[in-house]
$ cat model25.pdb   # PDB, C-alpha atoms
MODEL        1
ATOM      1  CA  MET A   3       0.000   0.000   0.000
ATOM      2  CA  ALA A   4       1.400   3.318  -0.975
ATOM      3  CA  MET A   5       1.036   6.397   1.050
ATOM      4  CA  THR A   6       1.447   9.890  -0.126
ATOM      5  CA  MET A   7       2.934  12.263   2.325
ATOM      6  CA  ARG A   8       2.801  15.968   1.989
ATOM      7  CA  THR A   9       4.301  18.545   4.123
ATOM      8  CA  GLU A  10       2.661  21.891   4.056
ATOM      9  CA  GLY A  11       4.865  24.885   4.001
ATOM     10  CA  LEU A  12       7.845  23.137   2.534
ATOM     11  CA  GLU A  13       7.823  25.566  -0.324
ATOM     12  CA  GLU A  14       8.169  28.382   2.132
ATOM     13  CA  ALA A  15      11.039  26.683   3.851
ATOM     14  CA  GLU A  16      12.639  26.054   0.521
ATOM     15  CA  ALA A  17      12.263  29.681  -0.388
ATOM     16  CA  MET A  18      13.759  30.673   2.940
ATOM     17  CA  LEU A  19      16.686  28.332   2.507
ATOM     18  CA  SER A  20      17.399  29.585  -0.964
ATOM     19  CA  ARG A  21      17.132  33.114   0.310
ATOM     20  CA  LEU A  22      19.625  32.313   3.040
ATOM     21  CA  GLY A  23      21.854  30.797   0.394
ATOM     22  CA  GLU A  24      21.817  33.979  -1.608
ATOM     23  CA  SER A  25      22.562  36.162   1.357
ATOM     24  CA  ALA A  26      24.910  33.752   3.145
ATOM     25  CA  GLY A  27      27.842  36.028   2.377
ATOM     26  CA  ALA A  28      26.012  39.052   3.766
ATOM     27  CA  VAL A  29      25.008  37.141   6.906
ATOM     28  CA  ALA A  30      28.569  35.970   7.433
ATOM     29  CA  ALA A  31      29.866  39.503   6.928
ATOM     30  CA  TYR A  32      27.326  40.771   9.462
ATOM     31  CA  GLY A  33      28.671  38.328  12.044
ATOM     32  CA  LEU A  34      32.278  38.886  11.124
ATOM     33  CA  TYR A  35      31.934  42.639  11.568
ATOM     34  CA  ASP A  36      30.937  42.137  15.205
ATOM     35  CA  GLY A  37      33.750  39.658  15.791
ATOM     36  CA  ALA A  38      36.387  41.818  14.124
ATOM     37  CA  GLY A  39      35.335  44.781  16.251
ATOM     38  CA  ILE A  40      35.725  42.780  19.451
ATOM     39  CA  MET A  41      39.131  41.553  18.296
ATOM     40  CA  ALA A  42      40.296  45.099  17.513
ATOM     41  CA  ASP A  43      39.045  46.307  20.899
ATOM     42  CA  ALA A  44      40.896  43.497  22.680
ATOM     43  CA  ILE A  45      44.127  44.350  20.855
ATOM     44  CA  ASN A  46      43.741  48.062  21.584
ATOM     45  CA  ALA A  47      43.113  47.297  25.263
ATOM     46  CA  GLN A  48      46.397  45.393  25.378
ATOM     47  CA  ALA A  49      48.174  48.184  23.493
ATOM     48  CA  ALA A  50      47.016  50.539  26.236
ATOM     49  CA  ALA A  51      48.763  48.275  28.738
ATOM     50  CA  ILE A  52      52.210  48.499  27.070
ATOM     51  CA  ARG A  53      54.831  49.511  29.583
ATOM     52  CA  THR A  54      56.932  52.495  28.556
ATOM     53  CA  GLU A  55      60.053  54.162  29.867
ATOM     54  CA  GLY A  56      58.340  55.148  33.057
ATOM     55  CA  PHE A  57      59.010  51.595  34.187
ATOM     56  CA  HIS A  58      62.482  50.151  34.486
ATOM     57  CA  TYR A  59      63.743  46.653  34.780
ATOM     58  CA  ALA A  60      66.726  45.876  36.934
ATOM     59  CA  ALA A  61      69.734  46.599  34.741
ATOM     60  CA  LEU A  62      71.743  43.529  33.938
ATOM     61  CA  PRO A  63      75.505  43.804  33.595
ATOM     62  CA  GLY A  64      76.621  44.087  29.988
ATOM     63  CA  VAL A  65      73.151  44.558  28.565
ATOM     64  CA  THR A  66      71.308  47.798  28.125
ATOM     65  CA  MET A  67      67.683  47.089  27.490
ATOM     66  CA  ARG A  68      65.089  49.756  27.083
ATOM     67  CA  LEU A  69      61.334  49.813  26.965
ATOM     68  CA  PRO A  70      59.352  51.474  24.205
ATOM     69  CA  SER A  71      59.198  55.237  24.514
ATOM     70  CA  PRO A  72      55.904  56.929  25.399
ATOM     71  CA  GLU A  73      55.951  58.418  21.887
ATOM     72  CA  GLU A  74      56.026  54.971  20.312
ATOM     73  CA  LYS A  75      53.153  53.849  22.486
ATOM     74  CA  ALA A  76      51.187  57.011  21.662
ATOM     75  CA  ALA A  77      51.709  56.326  17.943
ATOM     76  CA  LEU A  78      50.197  52.860  18.356
ATOM     77  CA  MET A  79      47.343  54.103  20.515
ATOM     78  CA  SER A  80      46.364  56.921  18.173
ATOM     79  CA  ALA A  81      46.489  54.669  15.104
ATOM     80  CA  GLY A  82      44.717  51.779  16.829
ATOM     81  CA  ALA A  83      44.112  48.323  15.450
ATOM     82  CA  GLY A  84      41.969  48.571  12.352
ATOM     83  CA  ILE A  85      39.745  46.262  10.370
ATOM     84  CA  ALA A  86      40.645  45.624   6.753
ATOM     85  CA  LYS A  87      38.204  45.700   3.869
ATOM     86  CA  PHE A  88      36.086  42.543   3.832
ATOM     87  CA  GLU A  89      36.907  40.050   1.150
ATOM     88  CA  LYS A  90      34.023  37.978  -0.099
ATOM     89  CA  ASN A  91      34.477  34.654  -1.804
ATOM     90  CA  GLY A  92      31.062  33.059  -2.261
ATOM     91  CA  GLY A  93      29.727  32.282   1.200
ATOM     92  CA  GLU A  94      33.122  32.916   2.737
ATOM     93  CA  VAL A  95      34.024  36.290   4.152
ATOM     94  CA  GLY A  96      37.434  37.236   5.443
ATOM     95  CA  THR A  97      39.117  40.244   6.933
ATOM     96  CA  SER A  98      42.189  41.010   8.955
ATOM     97  CA  VAL A  99      42.547  43.012  12.120
ATOM     98  CA  GLY A 100      45.745  44.822  12.912
ATOM     99  CA  PHE A 101      48.120  47.664  12.196
ATOM    100  CA  GLY A 102      48.804  46.701   8.583
ATOM    101  CA  ASN A 103      47.507  49.968   7.156
ATOM    102  CA  ALA A 104      48.095  52.244  10.111
ATOM    103  CA  GLY A 105      50.243  54.766   8.274
ATOM    104  CA  TYR A 106      53.165  56.722   9.677
ATOM    105  CA  ALA A 107      53.915  58.462  12.921
ATOM    106  CA  GLU A 108      56.492  60.945  14.134
ATOM    107  CA  VAL A 109      58.678  59.351  16.796
ATOM    108  CA  ASN A 110      61.693  61.141  18.270
ATOM    109  CA  GLY A 111      61.841  63.474  15.291
ATOM    110  CA  LYS A 112      61.780  60.641  12.750
ATOM    111  CA  THR A 113      58.876  59.473  10.655
ATOM    112  CA  LYS A 114      58.388  55.757  11.167
ATOM    113  CA  PRO A 115      55.766  53.342   9.855
ATOM    114  CA  VAL A 116      53.336  52.414  12.619
ATOM    115  CA  PRO A 117      53.290  48.686  11.634
ATOM    116  CA  GLN A 118      57.058  48.626  12.175
ATOM    117  CA  ILE A 119      56.684  50.100  15.658
ATOM    118  CA  ALA A 120      53.963  47.576  16.450
ATOM    119  CA  ASN A 121      56.177  44.756  15.231
ATOM    120  CA  ALA A 122      59.186  45.911  17.257
ATOM    121  CA  ILE A 123      57.177  46.171  20.485
ATOM    122  CA  ASN A 124      55.381  42.904  19.814
ATOM    123  CA  SER A 125      58.429  40.808  18.948
ATOM    124  CA  GLY A 126      61.066  42.656  20.915
ATOM    125  CA  THR A 127      64.489  43.601  19.628
ATOM    126  CA  SER A 128      68.022  43.011  20.793
ATOM    127  CA  PHE A 129      67.708  46.130  22.956
ATOM    128  CA  MET A 130      63.998  46.173  23.769
ATOM    129  CA  LYS A 131      62.050  43.639  25.736
ATOM    130  CA  ALA A 132      59.207  42.030  23.824
ATOM    131  CA  GLN A 133      55.699  42.939  24.936
ATOM    132  CA  PRO A 134      53.493  40.699  22.812
ATOM    133  CA  PHE A 135      50.391  42.846  23.218
ATOM    134  CA  PHE A 136      49.035  41.702  19.874
ATOM    135  CA  ARG A 137      49.072  38.003  20.678
ATOM    136  CA  ARG A 138      47.763  38.730  24.158
ATOM    137  CA  GLY A 139      44.857  40.623  22.635
ATOM    138  CA  VAL A 140      44.152  37.899  20.105
ATOM    139  CA  ASN A 141      44.282  35.186  22.753
ATOM    140  CA  SER A 142      41.993  37.092  25.110
ATOM    141  CA  GLY A 143      39.568  38.254  22.423
ATOM    142  CA  ARG A 144      39.238  35.010  20.487
ATOM    143  CA  GLY A 145      36.542  33.409  22.650
ATOM    144  CA  ALA A 146      34.387  36.526  22.836
ATOM    145  CA  ALA A 147      34.762  37.169  19.110
ATOM    146  CA  VAL A 148      33.717  33.644  18.153
ATOM    147  CA  ASP A 149      30.680  33.913  20.455
ATOM    148  CA  ALA A 150      29.715  37.288  19.008
ATOM    149  CA  ILE A 151      30.011  36.028  15.420
ATOM    150  CA  GLY A 152      27.784  33.056  16.235
ATOM    151  CA  LYS A 153      25.185  35.217  17.969
ATOM    152  CA  ALA A 154      25.096  37.836  15.224
ATOM    153  CA  ILE A 155      24.697  35.199  12.504
ATOM    154  CA  GLU A 156      21.934  33.487  14.466
ATOM    155  CA  ALA A 157      20.090  36.777  14.963
ATOM    156  CA  LYS A 158      20.395  37.673  11.290
ATOM    157  CA  CYS A 159      19.160  34.233  10.234
ATOM    158  CA  ASP A 160      16.138  34.573  12.528
ATOM    159  CA  GLU A 161      15.405  37.928  10.963
ATOM    160  CA  ILE A 162      15.544  36.492   7.449
ATOM    161  CA  ILE A 163      13.342  33.550   8.444
ATOM    162  CA  LYS A 164      10.760  35.930   9.920
ATOM    163  CA  GLN A 165      10.810  38.101   6.841
ATOM    164  CA  SER A 166      10.320  35.188   4.486
ATOM    165  CA  GLY A 167       7.715  33.656   6.784
ATOM    166  CA  GLY A 168       5.713  36.828   7.224
TER     167      GLY A 168
ATOM    168  CA  MET B  29      57.412  22.536  33.159
ATOM    169  CA  PRO B  30      55.716  21.020  30.095
ATOM    170  CA  GLU B  31      57.809  18.152  28.764
ATOM    171  CA  GLU B  32      57.754  19.455  25.197
ATOM    172  CA  TYR B  33      59.195  22.715  26.425
ATOM    173  CA  THR B  34      62.081  21.174  28.326
ATOM    174  CA  ALA B  35      62.795  18.927  25.320
ATOM    175  CA  LEU B  36      62.870  21.973  23.046
ATOM    176  CA  VAL B  37      65.203  23.911  25.330
ATOM    177  CA  GLY B  38      67.532  20.892  25.450
ATOM    178  CA  ALA B  39      67.456  20.465  21.679
ATOM    179  CA  LEU B  40      68.151  24.150  21.064
ATOM    180  CA  GLN B  41      70.990  24.240  23.556
ATOM    181  CA  ASP B  42      72.548  21.226  21.802
ATOM    182  CA  THR B  43      72.844  23.217  18.565
ATOM    183  CA  GLU B  44      75.786  25.390  17.591
ATOM    184  CA  ILE B  45      73.811  28.534  18.367
ATOM    185  CA  PRO B  46      74.254  29.661  21.968
ATOM    186  CA  PHE B  47      70.799  29.626  23.555
ATOM    187  CA  ALA B  48      69.770  31.047  26.911
ATOM    188  CA  GLU B  49      66.448  30.724  28.646
ATOM    189  CA  TYR B  50      64.583  34.050  28.949
ATOM    190  CA  GLY B  51      67.662  36.246  28.480
ATOM    191  CA  TRP B  52      71.375  36.751  28.714
ATOM    192  CA  LYS B  53      73.273  38.371  31.545
ATOM    193  CA  THR B  54      76.240  38.860  29.247
ATOM    194  CA  ARG B  55      75.407  38.430  25.602
ATOM    195  CA  PRO B  56      77.729  36.514  23.322
ATOM    196  CA  GLU B  57      79.157  38.416  20.370
ATOM    197  CA  GLY B  58      77.503  37.754  17.058
ATOM    198  CA  THR B  59      74.807  35.107  16.938
ATOM    199  CA  TYR B  60      72.769  34.288  20.009
ATOM    200  CA  GLY B  61      69.350  32.929  20.806
ATOM    201  CA  VAL B  62      66.741  33.267  23.522
ATOM    202  CA  VAL B  63      64.003  30.764  24.300
ATOM    203  CA  GLY B  64      61.252  31.114  26.851
ATOM    204  CA  LEU B  65      57.775  30.067  27.893
ATOM    205  CA  ASP B  66      55.736  33.087  26.969
ATOM    206  CA  MET B  67      52.089  33.058  27.951
ATOM    207  CA  GLU B  68      49.139  30.792  28.340
ATOM    208  CA  ALA B  69      47.276  30.289  25.088
ATOM    209  CA  GLY B  70      44.150  28.268  24.598
ATOM    210  CA  SER B  71      43.877  26.168  27.739
ATOM    211  CA  LEU B  72      40.632  24.322  28.289
ATOM    212  CA  ALA B  73      38.635  24.694  31.452
ATOM    213  CA  GLY B  74      36.584  21.871  32.890
ATOM    214  CA  ASP B  75      35.778  20.058  36.094
ATOM    215  CA  MET B  76      36.245  23.257  38.114
ATOM    216  CA  GLY B  77      39.805  23.617  36.939
ATOM    217  CA  LYS B  78      42.205  23.798  34.069
ATOM    218  CA  GLN B  79      42.292  20.573  32.130
ATOM    219  CA  ASP B  80      44.505  20.844  29.075
ATOM    220  CA  ARG B  81      46.957  23.646  29.321
ATOM    221  CA  ALA B  82      48.625  25.204  26.329
ATOM    222  CA  PHE B  83      51.424  27.751  26.331
ATOM    223  CA  ASP B  84      53.213  29.872  23.794
ATOM    224  CA  VAL B  85      56.931  29.317  23.437
ATOM    225  CA  LYS B  86      58.965  32.112  21.942
ATOM    226  CA  VAL B  87      62.268  31.461  20.212
ATOM    227  CA  ASP B  88      64.363  34.434  19.135
ATOM    228  CA  VAL B  89      67.650  34.390  17.272
ATOM    229  CA  PHE B  90      69.739  37.502  16.712
ATOM    230  CA  PHE B  91      72.586  37.497  14.213
ATOM    231  CA  ARG B  92      74.751  39.901  12.253
ATOM    232  CA  LYS B  93      75.389  38.344   8.855
ATOM    233  CA  LEU B  94      72.532  38.006   6.419
ATOM    234  CA  ALA B  95      74.323  35.058   4.803
ATOM    235  CA  ASP B  96      73.893  33.076   8.040
ATOM    236  CA  ARG B  97      70.122  33.252   7.991
ATOM    237  CA  GLU B  98      69.394  30.008   6.184
ATOM    238  CA  GLY B  99      71.725  27.921   8.336
ATOM    239  CA  ILE B 100      70.330  29.453  11.520
ATOM    240  CA  ALA B 101      66.710  29.110  10.465
ATOM    241  CA  GLY B 102      67.269  25.529   9.358
ATOM    242  CA  THR B 103      68.937  24.570  12.639
ATOM    243  CA  VAL B 104      66.211  26.109  14.778
ATOM    244  CA  GLU B 105      63.357  24.781  12.669
ATOM    245  CA  GLU B 106      64.795  21.272  12.783
ATOM    246  CA  ALA B 107      64.717  21.415  16.590
ATOM    247  CA  LEU B 108      61.210  22.901  16.571
ATOM    248  CA  GLY B 109      59.938  20.219  14.220
ATOM    249  CA  ALA B 110      61.497  17.430  16.242
ATOM    250  CA  CYS B 111      60.047  18.650  19.548
ATOM    251  CA  LEU B 112      56.754  20.352  18.660
ATOM    252  CA  GLY B 113      55.713  18.622  15.434
ATOM    253  CA  ALA B 114      53.779  21.187  13.436
ATOM    254  CA  ALA B 115      52.706  23.402  16.348
ATOM    255  CA  TRP B 116      54.984  26.310  15.582
ATOM    256  CA  GLU B 117      55.355  29.114  13.089
ATOM    257  CA  LEU B 118      57.874  31.664  11.978
ATOM    258  CA  ASN B 119      56.392  34.849  13.352
ATOM    259  CA  SER B 120      58.648  37.638  12.174
ATOM    260  CA  LEU B 121      61.861  38.585  10.460
ATOM    261  CA  GLN B 122      63.260  41.934  11.389
ATOM    262  CA  TYR B 123      66.276  44.112  10.789
ATOM    263  CA  GLU B 124      67.339  46.567  13.443
ATOM    264  CA  THR B 125      68.814  49.700  11.946
ATOM    265  CA  GLU B 126      70.078  50.805  15.387
ATOM    266  CA  THR B 127      72.261  47.751  15.973
ATOM    267  CA  GLY B 128      72.569  46.285  12.497
ATOM    268  CA  MET B 129      71.295  42.946  13.735
ATOM    269  CA  PHE B 130      68.843  40.582  12.150
ATOM    270  CA  HIS B 131      66.155  39.030  14.309
ATOM    271  CA  ILE B 132      64.075  35.949  13.547
ATOM    272  CA  GLU B 133      61.253  34.976  15.863
ATOM    273  CA  TRP B 134      59.324  31.730  16.101
ATOM    274  CA  ILE B 135      56.211  31.066  18.164
ATOM    275  CA  GLY B 136      55.425  27.511  19.182
ATOM    276  CA  LYS B 137      52.628  25.951  21.177
ATOM    277  CA  VAL B 138      53.261  23.361  23.861
ATOM    278  CA  THR B 139      50.827  21.452  25.996
ATOM    279  CA  GLY B 140      51.530  20.103  29.432
ATOM    280  CA  THR B 141      51.296  20.938  33.056
ATOM    281  CA  ILE B 142      53.200  23.061  35.483
ATOM    282  CA  THR B 143      53.496  21.195  38.727
ATOM    283  CA  ALA B 144      54.553  22.369  42.125
ATOM    284  CA  PRO B 145      57.668  20.702  43.494
ATOM    285  CA  GLU B 146      56.985  17.839  45.821
ATOM    286  CA  PRO B 147      57.577  18.832  49.414
ATOM    287  CA  GLN B 148      60.984  17.650  50.464
ATOM    288  CA  GLU B 149      61.210  15.672  53.619
ATOM    289  CA  THR B 150      63.041  17.862  56.004
ATOM    290  CA  GLN B 151      65.233  16.422  58.665
ATOM    291  CA  GLU B 152      63.748  17.329  61.971
ATOM    292  CA  SER B 153      66.205  19.201  64.028
ATOM    293  CA  GLY B 154      67.091  17.940  67.443
ATOM    294  CA  ASP B 155      67.514  14.401  68.592
ATOM    295  CA  ALA B 156      64.562  12.140  68.462
TER     296      ALA B 156
ENDMDL
END
$ encode --input "model25.pdb" --output "structure tokens"
Amino acid sequence: MAMTMRTEGLEEAEAMLSRLGESAGAVAAYGLYDGAGIMADAINAQAAAIRTEGFHYAALPGVTMRLPSPEEKAALMSAGAGIAKFEKNGGEVGTSVGFGNAGYAEVNGKTKPVPQIANAINSGTSFMKAQPFFRRGVNSGRGAAVDAIGKAIEAKCDEIIKQSGG
Amino acid sequence: MPEEYTALVGALQDTEIPFAEYGWKTRPEGTYGVVGLDMEAGSLAGDMGKQDRAFDVKVDVFFRKLADREGIAGTVEEALGACLGAAWELNSLQYETETGMFHIEWIGKVTGTITAPEPQETQESGDA
């Protein structure tokens, strides 16, 4: 005996799914924007915590180490971690957060690229102790950013479902 | 200390490059390296405590001759690969105009635990 099954409203669901498919990139970008913002904030918070010349380590014999100057820190703080232009590739959206396009700053009478200053403070040099503020920010912001991306995408999906349903 | 970390420090100190943990009191001339446990990264929490702990390991090498870079990088990366598998990356290459030194930096991840030393049995003073 054959039975015919029909599910009402499947067409609607199908329409909704196809609609989601079309706007998947936009939904992902919506979530990513939230996450990238949280990441940038976390990095900037760590940049604010960089120790400058006001603090001194015990001098070791034979080695003169210095900390970043307040000017170098101010250059980082005023530039701030930025969010790059979003790159869309189908349903995939990508961006990068950092000092990559932060421009130049005047430090001790010289014009220096801000990314270079960020790199020197982050990795340390032979005469400057490393303060990996960037990695610290990324490590501390990762969890919150992933949560925020998930929540934003969920909210946007709900919105789309409601629109297509109503 | 995490076992992978102690293995890495041993392997690096066995190479021709002089390596110190965390820093030098008196730096060698020319090429030298620094290795250190850096910060906690990506530990998992569970059961009201930390379960799997992960740490960043930072390896820095400073050198003066650009021609040395491949030999140095190869030596360090061989040790990193042997001790950490694939859990490491070359993080930055820098040139310091102030000192004329080149600086290569690797970041690795190690898992393991940090344990408190077992209490040593102290000899009770006085005659029993």
$ residues_around --input "model25.pdb" --residues "Pro72 of chain A" --least-positions-apart "4" --cutoff "9 Å" --atoms "only C-alpha atoms" --output "ChimeraX atom specification"
/A:53-56,76-77
$ closest_residue --input "model25.pdb" --among "B:Ala144, B:Ala82, B:Leu36, B:Ala101" --to "chain A" --atoms "all atoms listed in the file"
B:Ala82
$ resolve_selection --input "model25.pdb" --expression "the PyMOL selection byres ((chain A and resi 127-144) around 7)" --output "ChimeraX atom specification"
/A:40-41,44-45,48-49,52,66-69,122-126,145-148 /B:69
$ residues_around --input "model25.pdb" --residues "Gly99 of chain B" --least-positions-apart "5" --cutoff "12 Å" --atoms "all atoms listed in the file" --output "PyMOL selection string"
chain B and resi 43-45+59+89+91+93-94+104-106
$ write_last_selection --input "model25.pdb" --atoms "C-alpha atoms" --output "PDB file, in the coordinates of the input"
ATOM      1  CA  THR B  43      72.844  23.217  18.565  1.00  0.00           C
ATOM      2  CA  GLU B  44      75.786  25.390  17.591  1.00  0.00           C
ATOM      3  CA  ILE B  45      73.811  28.534  18.367  1.00  0.00           C
ATOM      4  CA  THR B  59      74.807  35.107  16.938  1.00  0.00           C
ATOM      5  CA  VAL B  89      67.650  34.390  17.272  1.00  0.00           C
ATOM      6  CA  PHE B  91      72.586  37.497  14.213  1.00  0.00           C
ATOM      7  CA  LYS B  93      75.389  38.344   8.855  1.00  0.00           C
ATOM      8  CA  LEU B  94      72.532  38.006   6.419  1.00  0.00           C
ATOM      9  CA  VAL B 104      66.211  26.109  14.778  1.00  0.00           C
ATOM     10  CA  GLU B 105      63.357  24.781  12.669  1.00  0.00           C
ATOM     11  CA  GLU B 106      64.795  21.272  12.783  1.00  0.00           C
TER      12      GLU B 106
END
$ resolve_selection --input "model25.pdb" --expression "the PyMOL selection byres ((chain B and resi 124) around 10)" --output "mmCIF file with C-alpha atoms, keeping the file's coordinate frame"
data_model
loop_
_atom_site.group_PDB
_atom_site.id
_atom_site.type_symbol
_atom_site.label_atom_id
_atom_site.label_comp_id
_atom_site.auth_asym_id
_atom_site.auth_seq_id
_atom_site.Cartn_x
_atom_site.Cartn_y
_atom_site.Cartn_z
ATOM 1 C CA ALA A 122 59.186 45.911 17.257
ATOM 2 C CA THR A 127 64.489 43.601 19.628
ATOM 3 C CA SER A 128 68.022 43.011 20.793
ATOM 4 C CA PHE A 129 67.708 46.130 22.956
ATOM 5 C CA PHE B 90 69.739 37.502 16.712
ATOM 6 C CA GLN B 122 63.260 41.934 11.389
ATOM 7 C CA TYR B 123 66.276 44.112 10.789
ATOM 8 C CA THR B 125 68.814 49.700 11.946
ATOM 9 C CA GLU B 126 70.078 50.805 15.387
ATOM 10 C CA THR B 127 72.261 47.751 15.973
ATOM 11 C CA GLY B 128 72.569 46.285 12.497
ATOM 12 C CA MET B 129 71.295 42.946 13.735
ATOM 13 C CA PHE B 130 68.843 40.582 12.150
ATOM 14 C CA HIS B 131 66.155 39.030 14.309
#
$ build_atoms --input "model25.pdb" --residues "segment 37-53 of chain B" --atoms "N, CA and C atoms" --output "PDB file, keeping the file's coordinate frame"
ATOM      1  N   VAL B  37      64.068  23.149  24.796  1.00  0.00           N
ATOM      2  CA  VAL B  37      65.203  23.911  25.330  1.00  0.00           C
ATOM      3  C   VAL B  37      66.479  23.077  25.225  1.00  0.00           C
ATOM      4  N   GLY B  38      66.378  21.785  25.554  1.00  0.00           N
ATOM      5  CA  GLY B  38      67.532  20.892  25.450  1.00  0.00           C
ATOM      6  C   GLY B  38      68.029  20.792  24.020  1.00  0.00           C
ATOM      7  N   ALA B  39      67.081  20.621  23.089  1.00  0.00           N
ATOM      8  CA  ALA B  39      67.456  20.465  21.679  1.00  0.00           C
ATOM      9  C   ALA B  39      68.108  21.728  21.143  1.00  0.00           C
ATOM     10  N   LEU B  40      67.581  22.891  21.554  1.00  0.00           N
ATOM     11  CA  LEU B  40      68.151  24.150  21.064  1.00  0.00           C
ATOM     12  C   LEU B  40      69.533  24.394  21.650  1.00  0.00           C
ATOM     13  N   GLN B  41      69.691  24.015  22.930  1.00  0.00           N
ATOM     14  CA  GLN B  41      70.990  24.240  23.556  1.00  0.00           C
ATOM     15  C   GLN B  41      72.044  23.262  23.039  1.00  0.00           C
ATOM     16  N   ASP B  42      71.596  22.161  22.416  1.00  0.00           N
ATOM     17  CA  ASP B  42      72.548  21.226  21.802  1.00  0.00           C
ATOM     18  C   ASP B  42      73.058  21.715  20.456  1.00  0.00           C
ATOM     19  N   THR B  43      72.413  22.736  19.886  1.00  0.00           N
ATOM     20  CA  THR B  43      72.844  23.217  18.565  1.00  0.00           C
ATOM     21  C   THR B  43      74.072  24.109  18.720  1.00  0.00           C
ATOM     22  N   GLU B  44      74.583  24.549  17.564  1.00  0.00           N
ATOM     23  CA  GLU B  44      75.786  25.390  17.591  1.00  0.00           C
ATOM     24  C   GLU B  44      75.473  26.808  18.054  1.00  0.00           C
ATOM     25  N   ILE B  45      74.196  27.180  17.960  1.00  0.00           N
ATOM     26  CA  ILE B  45      73.811  28.534  18.367  1.00  0.00           C
ATOM     27  C   ILE B  45      73.727  28.582  19.887  1.00  0.00           C
ATOM     28  N   PRO B  46      74.398  29.556  20.512  1.00  0.00           N
ATOM     29  CA  PRO B  46      74.254  29.661  21.968  1.00  0.00           C
ATOM     30  C   PRO B  46      72.847  30.117  22.348  1.00  0.00           C
ATOM     31  N   PHE B  47      72.172  29.315  23.159  1.00  0.00           N
ATOM     32  CA  PHE B  47      70.799  29.626  23.555  1.00  0.00           C
ATOM     33  C   PHE B  47      70.725  29.827  25.064  1.00  0.00           C
ATOM     34  N   ALA B  48      70.013  30.845  25.481  1.00  0.00           N
ATOM     35  CA  ALA B  48      69.770  31.047  26.911  1.00  0.00           C
ATOM     36  C   ALA B  48      68.273  31.059  27.134  1.00  0.00           C
ATOM     37  N   GLU B  49      67.860  30.656  28.334  1.00  0.00           N
ATOM     38  CA  GLU B  49      66.448  30.724  28.646  1.00  0.00           C
ATOM     39  C   GLU B  49      66.121  32.113  29.157  1.00  0.00           C
ATOM     40  N   TYR B  50      65.146  32.754  28.559  1.00  0.00           N
ATOM     41  CA  TYR B  50      64.583  34.050  28.949  1.00  0.00           C
ATOM     42  C   TYR B  50      65.503  35.243  28.708  1.00  0.00           C
ATOM     43  N   GLY B  51      66.816  35.085  28.747  1.00  0.00           N
ATOM     44  CA  GLY B  51      67.662  36.246  28.480  1.00  0.00           C
ATOM     45  C   GLY B  51      69.100  35.992  28.881  1.00  0.00           C
ATOM     46  N   TRP B  52      69.956  36.885  28.422  1.00  0.00           N
ATOM     47  CA  TRP B  52      71.375  36.751  28.714  1.00  0.00           C
ATOM     48  C   TRP B  52      71.772  37.783  29.748  1.00  0.00           C
ATOM     49  N   LYS B  53      72.673  37.371  30.656  1.00  0.00           N
ATOM     50  CA  LYS B  53      73.273  38.371  31.545  1.00  0.00           C
ATOM     51  C   LYS B  53      74.388  39.067  30.799  1.00  0.00           C
TER      52      LYS B  53
END
